[in-house]
Amino acid sequence: MLKRRSFMVAAGVALGCLMALPAQAQEAVKIGLVLPMTGPFASTGRQVEAGVRAYMALNGDEAAGKKIEIVLRDDAGTADQTRRIAQELVVNEGVSMLMGFGLTPLAMSVAPVLNQAKIPAIITSATTSAIMPQSEYFVRTSMGGPQSAVPVATWAVENDLKRVVTLVTDYGPGHDIEKGFVDQFKKDGGEIVESVRVPLQNPDFAPFLQRVRDAKPDAVFVFVPSGVGSLFMKQFVERGLADAGIKLIATGDVTDDDLLNGIGDAAKGVITGHFYSANHDSPENKAFVEQVRKTNNMRPNFMSVGGYDAMHLAYAALEKTGGDTDGTKLIEAMKGMEWTSPRGPIMIDPETRDIVQDIYIREVKEVDGELYNVEFTKYEKIRDPNTAK
């Protein structure tokens, strides 16, 4: 009888342990990370994932007492796949948050999913201003495109670059950035000599650069997508614009940290405005750069820091809700959050859910045998002028 009772007690304990397993599993918080890991925009996905992993390596894999689990999916940069993957992550994987979205159409495609599921999506990369109003569950840790352009316009006028041609890639982010620069430049007293738009697919900059040279401006303001900067710089030199005394000013996409050494000497002296440089001098950034180099053997860029800060925001929101994963509570917790990022001080605007951050004016210089965007002045607490209230 004693043996039978002991067996029943032991069986009951074992059954209790088995029944407890699902409850323990439920304590994990899943975050769906949707990125272009293959295809033409794979470098974006690679950088964002590196930033996410670096945050977890430096800060652990728990928040509010719950284990954080990343569920990575590759959308190959195709909006139809992005939306399908987001739906699968919500319905089949039970994610509490989504994160990533390397391009504007990819972010736009998930808005209906967010609105139905009522879960937050943290945008690590896409920059078009029109994204944010599509869902109250969007929050952004990259930037609104014009954020980097507005300070460049002000800096240009302050430094006697009064006549400028704009040259941007002909799609949503290019239009946003062009408008941000032009509006501020004119407001500050500058003259736009001509506005040039270059096709997104298979760009050949040569004929457009010839138009710039013929216009004889003080400077050309440029935006091209990350990854295209090397081709642009090559053709800028070949067309002799620098020799003609035309200054190149741009957003930081043109001198992307990930590609800068590959561009070579042609990039030296280029002035850009952006929110992040791997050369940013702070203890937070030094730890971040060291971690990414250690685990990924590469230099982090602005896409990477967008992923890093997305994880900080996710962790901080969970801490604020006490581990409650209700989507509406999480998005409310994210509004107004402030912290010190590897890029510097940042905040999530409580009204727009968009990022507020310092924009640095940088010059490409050689540092210890490598090319870096070296910051030399900054404009503080810049908002996207298209969404600022």
# chains A, B, ... in the order shown; residues from 1 in each chain; ligands from 1
call {"tool": "residues_around", "arguments": {"residues": "Lys329 (chain A)", "least_positions_apart": "5", "cutoff": "12 Å", "atoms": "only C-alpha atoms", "output": "short mmCIF file (atom, residue, chain, number, x, y, z; two decimals) with N, CA and C atoms, in the first residue's frame"}}
result
data_model
loop_
_atom_site.label_atom_id
_atom_site.label_comp_id
_atom_site.auth_asym_id
_atom_site.auth_seq_id
_atom_site.Cartn_x
_atom_site.Cartn_y
_atom_site.Cartn_z
N SER A 96 4.25 38.73 -29.71
CA SER A 96 3.67 39.87 -29.00
C SER A 96 4.03 41.19 -29.66
N MET A 97 5.10 41.18 -30.47
CA MET A 97 5.54 42.37 -31.18
C MET A 97 6.12 41.96 -32.51
N LYS A 118 -3.80 44.30 -33.21
CA LYS A 118 -3.51 45.24 -32.12
C LYS A 118 -2.22 44.88 -31.37
N ILE A 119 -1.14 44.75 -32.16
CA ILE A 119 0.18 44.55 -31.56
C ILE A 119 1.16 45.56 -32.16
N PRO A 120 2.19 45.96 -31.39
CA PRO A 120 3.14 46.95 -31.88
C PRO A 120 4.05 46.40 -32.97
N TYR A 137 -0.27 51.46 -34.19
CA TYR A 137 0.62 50.47 -33.57
C TYR A 137 2.03 50.51 -34.16
N ALA A 317 9.55 48.67 -22.71
CA ALA A 317 8.09 48.65 -22.68
C ALA A 317 7.58 47.48 -21.83
N LEU A 318 8.21 46.33 -21.96
CA LEU A 318 7.82 45.18 -21.14
C LEU A 318 8.07 45.44 -19.66
N GLU A 319 9.19 46.08 -19.35
CA GLU A 319 9.46 46.44 -17.95
C GLU A 319 8.39 47.38 -17.41
N LYS A 320 7.98 48.32 -18.26
CA LYS A 320 7.00 49.32 -17.82
C LYS A 320 5.61 48.70 -17.59
N THR A 321 5.26 47.69 -18.41
CA THR A 321 3.96 47.04 -18.25
C THR A 321 4.01 45.90 -17.24
N GLY A 322 5.19 45.66 -16.64
CA GLY A 322 5.33 44.56 -15.71
C GLY A 322 5.22 43.20 -16.38
N GLY A 323 5.59 43.16 -17.67
CA GLY A 323 5.54 41.90 -18.41
C GLY A 323 4.23 41.65 -19.12
N ASP A 324 3.27 42.55 -18.98
CA ASP A 324 1.99 42.42 -19.69
C ASP A 324 2.23 42.63 -21.18
N MET A 334 5.48 52.65 -24.78
CA MET A 334 6.58 53.13 -25.63
C MET A 334 6.52 54.64 -25.86
N LYS A 335 5.35 55.21 -25.83
CA LYS A 335 5.19 56.64 -26.11
C LYS A 335 5.93 57.48 -25.06
#
call {"tool": "select_by_dssp", "arguments": {"residues": "region 33-134 of chain A", "states": "strand (DSSP E)", "output": "ChimeraX atom specification"}}
result
/A:33-35,62-63,66-74,97-100,121-123
call {"tool": "write_last_selection", "arguments": {"atoms": "N, CA and C atoms", "output": "short mmCIF file (atom, residue, chain, number, x, y, z; two decimals), in the first residue's frame"}}
result
data_model
loop_
_atom_site.label_atom_id
_atom_site.label_comp_id
_atom_site.auth_asym_id
_atom_site.auth_seq_id
_atom_site.Cartn_x
_atom_site.Cartn_y
_atom_site.Cartn_z
N LEU A 33 10.79 39.12 -36.07
CA LEU A 33 11.74 40.00 -36.76
C LEU A 33 11.65 39.71 -38.26
N VAL A 34 11.10 40.66 -39.02
CA VAL A 34 10.84 40.46 -40.44
C VAL A 34 11.79 41.34 -41.25
N LEU A 35 12.71 40.69 -41.97
CA LEU A 35 13.79 41.43 -42.64
C LEU A 35 14.10 40.83 -44.01
N GLU A 62 16.31 38.41 -21.13
CA GLU A 62 15.11 38.50 -20.30
C GLU A 62 14.71 39.95 -20.09
N ALA A 63 13.41 40.17 -20.02
CA ALA A 63 12.85 41.49 -19.67
C ALA A 63 11.61 41.26 -18.83
N LYS A 66 10.70 37.74 -18.05
CA LYS A 66 10.28 36.84 -19.12
C LYS A 66 11.39 36.68 -20.15
N LYS A 67 11.54 35.47 -20.64
CA LYS A 67 12.56 35.19 -21.65
C LYS A 67 12.13 35.78 -22.99
N ILE A 68 13.05 36.44 -23.67
CA ILE A 68 12.77 37.04 -24.98
C ILE A 68 13.25 36.09 -26.07
N GLU A 69 12.36 35.80 -26.97
CA GLU A 69 12.67 34.89 -28.08
C GLU A 69 12.46 35.62 -29.41
N ILE A 70 13.50 35.66 -30.24
CA ILE A 70 13.42 36.29 -31.56
C ILE A 70 13.04 35.23 -32.59
N VAL A 71 12.00 35.52 -33.37
CA VAL A 71 11.59 34.63 -34.46
C VAL A 71 11.88 35.38 -35.77
N LEU A 72 12.99 35.02 -36.41
CA LEU A 72 13.45 35.73 -37.61
C LEU A 72 12.84 35.11 -38.86
N ARG A 73 12.30 35.97 -39.73
CA ARG A 73 11.76 35.53 -41.01
C ARG A 73 12.28 36.43 -42.13
N ASP A 74 12.56 35.81 -43.27
CA ASP A 74 13.09 36.51 -44.44
C ASP A 74 11.95 36.83 -45.41
N MET A 97 5.10 41.18 -30.47
CA MET A 97 5.54 42.37 -31.18
C MET A 97 6.12 41.96 -32.51
N LEU A 98 6.08 42.88 -33.49
CA LEU A 98 6.79 42.71 -34.75
C LEU A 98 7.89 43.76 -34.82
N MET A 99 8.88 43.49 -35.67
CA MET A 99 10.04 44.38 -35.72
C MET A 99 10.72 44.19 -37.07
N GLY A 100 11.35 45.26 -37.58
CA GLY A 100 12.11 45.15 -38.81
C GLY A 100 11.61 46.09 -39.90
N ALA A 121 4.45 47.28 -33.88
CA ALA A 121 5.48 46.97 -34.88
C ALA A 121 6.52 48.08 -34.81
N ILE A 122 7.76 47.72 -34.49
CA ILE A 122 8.84 48.69 -34.36
C ILE A 122 9.62 48.72 -35.66
N ILE A 123 9.60 49.88 -36.32
CA ILE A 123 10.26 50.03 -37.62
C ILE A 123 11.74 50.35 -37.39
#
call {"tool": "residues_around", "arguments": {"residues": "Thr255 (chain A)", "least_positions_apart": "2", "cutoff": "12 Å", "atoms": "only C-alpha atoms", "output": "PDB file with C-alpha atoms, in the first residue's frame"}}
result
ATOM      1  CA  VAL A 222      22.238  64.117 -52.757  1.00  0.00           C
ATOM      2  CA  PHE A 223      20.131  61.266 -51.455  1.00  0.00           C
ATOM      3  CA  VAL A 224      20.509  57.730 -52.829  1.00  0.00           C
ATOM      4  CA  PRO A 225      19.505  54.488 -51.071  1.00  0.00           C
ATOM      5  CA  SER A 226      22.009  52.754 -48.835  1.00  0.00           C
ATOM      6  CA  GLY A 227      24.178  50.539 -51.027  1.00  0.00           C
ATOM      7  CA  VAL A 228      24.126  52.794 -54.093  1.00  0.00           C
ATOM      8  CA  GLY A 229      26.571  55.343 -52.667  1.00  0.00           C
ATOM      9  CA  SER A 230      29.631  53.591 -54.067  1.00  0.00           C
ATOM     10  CA  LEU A 231      28.377  53.796 -57.669  1.00  0.00           C
ATOM     11  CA  PHE A 232      27.311  57.415 -57.193  1.00  0.00           C
ATOM     12  CA  MET A 233      30.680  58.474 -55.773  1.00  0.00           C
ATOM     13  CA  LEU A 248      28.954  67.419 -52.410  1.00  0.00           C
ATOM     14  CA  ILE A 249      26.571  67.484 -49.454  1.00  0.00           C
ATOM     15  CA  ALA A 250      24.272  64.579 -48.677  1.00  0.00           C
ATOM     16  CA  THR A 251      22.359  62.433 -46.241  1.00  0.00           C
ATOM     17  CA  GLY A 252      24.337  59.709 -44.516  1.00  0.00           C
ATOM     18  CA  ASP A 253      23.013  56.974 -46.808  1.00  0.00           C
ATOM     19  CA  ASP A 257      29.470  53.045 -42.653  1.00  0.00           C
ATOM     20  CA  ASP A 258      29.048  49.488 -43.933  1.00  0.00           C
ATOM     21  CA  LEU A 259      30.366  50.428 -47.395  1.00  0.00           C
ATOM     22  CA  LEU A 260      32.559  53.455 -46.753  1.00  0.00           C
ATOM     23  CA  ASN A 261      35.938  51.744 -46.930  1.00  0.00           C
ATOM     24  CA  GLY A 262      34.892  50.173 -50.227  1.00  0.00           C
ATOM     25  CA  ILE A 263      34.110  53.601 -51.714  1.00  0.00           C
ATOM     26  CA  GLY A 264      37.688  54.676 -51.072  1.00  0.00           C
ATOM     27  CA  ASP A 265      39.405  58.036 -51.430  1.00  0.00           C
ATOM     28  CA  ALA A 266      36.582  59.472 -53.553  1.00  0.00           C
ATOM     29  CA  ALA A 267      34.536  59.795 -50.350  1.00  0.00           C
ATOM     30  CA  LYS A 268      37.092  61.868 -48.451  1.00  0.00           C
ATOM     31  CA  GLY A 269      35.824  65.334 -47.586  1.00  0.00           C
ATOM     32  CA  VAL A 270      32.163  64.579 -48.320  1.00  0.00           C
ATOM     33  CA  ILE A 271      29.835  66.356 -45.872  1.00  0.00           C
ATOM     34  CA  THR A 272      26.741  64.490 -44.732  1.00  0.00           C
ATOM     35  CA  GLY A 273      24.035  64.806 -42.129  1.00  0.00           C
ATOM     36  CA  HIS A 274      22.832  61.706 -40.290  1.00  0.00           C
ATOM     37  CA  TYR A 276      24.585  57.675 -36.541  1.00  0.00           C
ATOM     38  CA  SER A 277      28.264  57.142 -37.205  1.00  0.00           C
ATOM     39  CA  ALA A 278      30.310  54.141 -36.111  1.00  0.00           C
ATOM     40  CA  ASN A 301      25.801  51.132 -39.669  1.00  0.00           C
ATOM     41  CA  PHE A 302      22.625  53.149 -39.114  1.00  0.00           C
ATOM     42  CA  ARG A 362      30.029  64.752 -40.503  1.00  0.00           C
ATOM     43  CA  GLU A 363      33.022  64.780 -42.840  1.00  0.00           C
ATOM     44  CA  VAL A 364      34.577  61.628 -44.281  1.00  0.00           C
ATOM     45  CA  LYS A 365      38.121  61.339 -42.957  1.00  0.00           C
ATOM     46  CA  LEU A 371      37.465  55.863 -43.525  1.00  0.00           C
ATOM     47  CA  TYR A 372      34.872  57.151 -41.072  1.00  0.00           C
ATOM     48  CA  ASN A 373      32.120  59.752 -40.923  1.00  0.00           C
ATOM     49  CA  VAL A 374      33.679  62.092 -38.351  1.00  0.00           C
TER      50      VAL A 374
END
call {"tool": "residues_around", "arguments": {"residues": "Val91 (chain A)", "least_positions_apart": "3", "cutoff": "12 Å", "atoms": "only C-alpha atoms", "output": "count of residues only"}}
result
14
call {"tool": "residues_around", "arguments": {"residues": "Gln357 (chain A)", "least_positions_apart": "6", "cutoff": "12 Å", "atoms": "only C-alpha atoms", "output": "PyMOL selection string"}}
result
chain A and resi 140-144+147-148+151+274-276+338-349+378-384
call {"tool": "atom_distance", "arguments": {"atom1": "CA of Gly145 (chain A)", "atom2": "CA of Val237 (chain A)"}}
result
26.0 Å
call {"tool": "closest_residue", "arguments": {"among": "A:Val193, A:Glu178, A:Asn92, A:Thr166", "to": "Leu209 (chain A)", "atoms": "only C-alpha atoms"}}
result
A:Thr166
call {"tool": "select_by_dssp", "arguments": {"residues": "region 182-308 of chain A", "states": "helix (DSSP H, G or I)", "output": "number ranges by chain"}}
result
A: 182-187, 206-215, 229-238, 252-255, 260-267, 283-296, 302-308
call {"tool": "write_last_selection", "arguments": {"atoms": "C-alpha atoms", "output": "compact mmCIF listing (two decimals), in the first residue's frame"}}
result
# COMPACT_ATOMS: atom_id res chain seq x y z
CA VAL A 182 14.25 72.33 -50.24
CA ASP A 183 11.75 73.76 -47.74
CA GLN A 184 14.42 74.42 -45.11
CA PHE A 185 17.01 75.67 -47.62
CA LYS A 186 14.62 78.25 -49.07
CA LYS A 187 13.48 79.24 -45.58
CA ALA A 206 26.34 60.09 -65.35
CA PRO A 207 23.78 62.06 -67.43
CA PHE A 208 22.20 63.52 -64.30
CA LEU A 209 25.58 64.55 -62.92
CA GLN A 210 26.33 66.27 -66.22
CA ARG A 211 23.16 68.34 -65.72
CA VAL A 212 24.43 69.28 -62.27
CA ARG A 213 27.81 70.31 -63.62
CA ASP A 214 26.22 72.41 -66.38
CA ALA A 215 24.11 74.26 -63.78
CA GLY A 229 26.57 55.34 -52.67
CA SER A 230 29.63 53.59 -54.07
CA LEU A 231 28.38 53.80 -57.67
CA PHE A 232 27.31 57.41 -57.19
CA MET A 233 30.68 58.47 -55.77
CA LYS A 234 32.54 56.74 -58.60
CA GLN A 235 30.55 58.62 -61.24
CA PHE A 236 30.73 61.89 -59.29
CA VAL A 237 34.53 61.73 -59.53
CA GLU A 238 34.53 60.58 -63.16
CA GLY A 252 24.34 59.71 -44.52
CA ASP A 253 23.01 56.97 -46.81
CA VAL A 254 25.57 58.08 -49.42
CA THR A 255 28.54 57.38 -47.10
CA LEU A 260 32.56 53.45 -46.75
CA ASN A 261 35.94 51.74 -46.93
CA GLY A 262 34.89 50.17 -50.23
CA ILE A 263 34.11 53.60 -51.71
CA GLY A 264 37.69 54.68 -51.07
CA ASP A 265 39.40 58.04 -51.43
CA ALA A 266 36.58 59.47 -53.55
CA ALA A 267 34.54 59.80 -50.35
CA PRO A 283 30.86 54.58 -24.15
CA GLU A 284 27.53 53.21 -25.38
CA ASN A 285 28.69 53.28 -28.99
CA LYS A 286 32.10 51.83 -28.26
CA ALA A 287 30.48 48.84 -26.54
CA PHE A 288 28.01 48.45 -29.43
CA VAL A 289 30.65 48.62 -32.18
CA GLU A 290 32.90 46.20 -30.31
CA GLN A 291 30.06 43.69 -29.87
CA VAL A 292 29.02 43.79 -33.54
CA ARG A 293 32.63 43.42 -34.68
CA LYS A 294 33.12 40.54 -32.25
CA THR A 295 30.05 38.52 -33.27
CA ASN A 296 29.58 39.55 -36.92
CA PHE A 302 22.63 53.15 -39.11
CA MET A 303 20.44 50.12 -39.94
CA SER A 304 22.18 48.15 -37.21
CA VAL A 305 21.64 50.79 -34.54
CA GLY A 306 17.96 50.91 -35.56
CA GLY A 307 17.73 47.23 -34.63
CA TYR A 308 19.64 47.75 -31.40
call {"tool": "atom_distance", "arguments": {"atom1": "CA of Asn59 (chain A)", "atom2": "CA of Leu313 (chain A)"}}
result
12.5 Å
call {"tool": "closest_residue", "arguments": {"among": "A:Ala64, A:Trp155, A:Glu351, A:His312", "to": "Glu27 (chain A)", "atoms": "only C-alpha atoms"}}
result
A:Ala64
call {"tool": "atom_distance", "arguments": {"atom1": "CA of Arg163 (chain A)", "atom2": "CA of Leu241 (chain A)"}}
result
14.8 Å
call {"tool": "closest_atom_pairs", "arguments": {"of": "region 107-182 of chain A", "to": "region 75-80 of chain A", "cutoff": "12 Å", "atoms": "only C-alpha atoms", "output": "Markdown table"}}
result
| residue | atom | partner | partner_atom | distance |
| --- | --- | --- | --- | --- |
| A:Ala107 | CA | A:Ala79 | CA | 8.0 |
| A:Met108 | CA | A:Ala79 | CA | 8.2 |
| A:Ser109 | CA | A:Ala79 | CA | 6.0 |
| A:Val110 | CA | A:Ala79 | CA | 8.5 |
| A:Ala111 | CA | A:Ala79 | CA | 11.5 |
| A:Ala126 | CA | A:Gly77 | CA | 11.6 |
call {"tool": "residues_around", "arguments": {"residues": "Asp160 (chain A)", "least_positions_apart": "5", "cutoff": "10 Å", "atoms": "only C-alpha atoms", "output": "PyMOL selection string"}}
result
chain A and resi 155+190+218-219
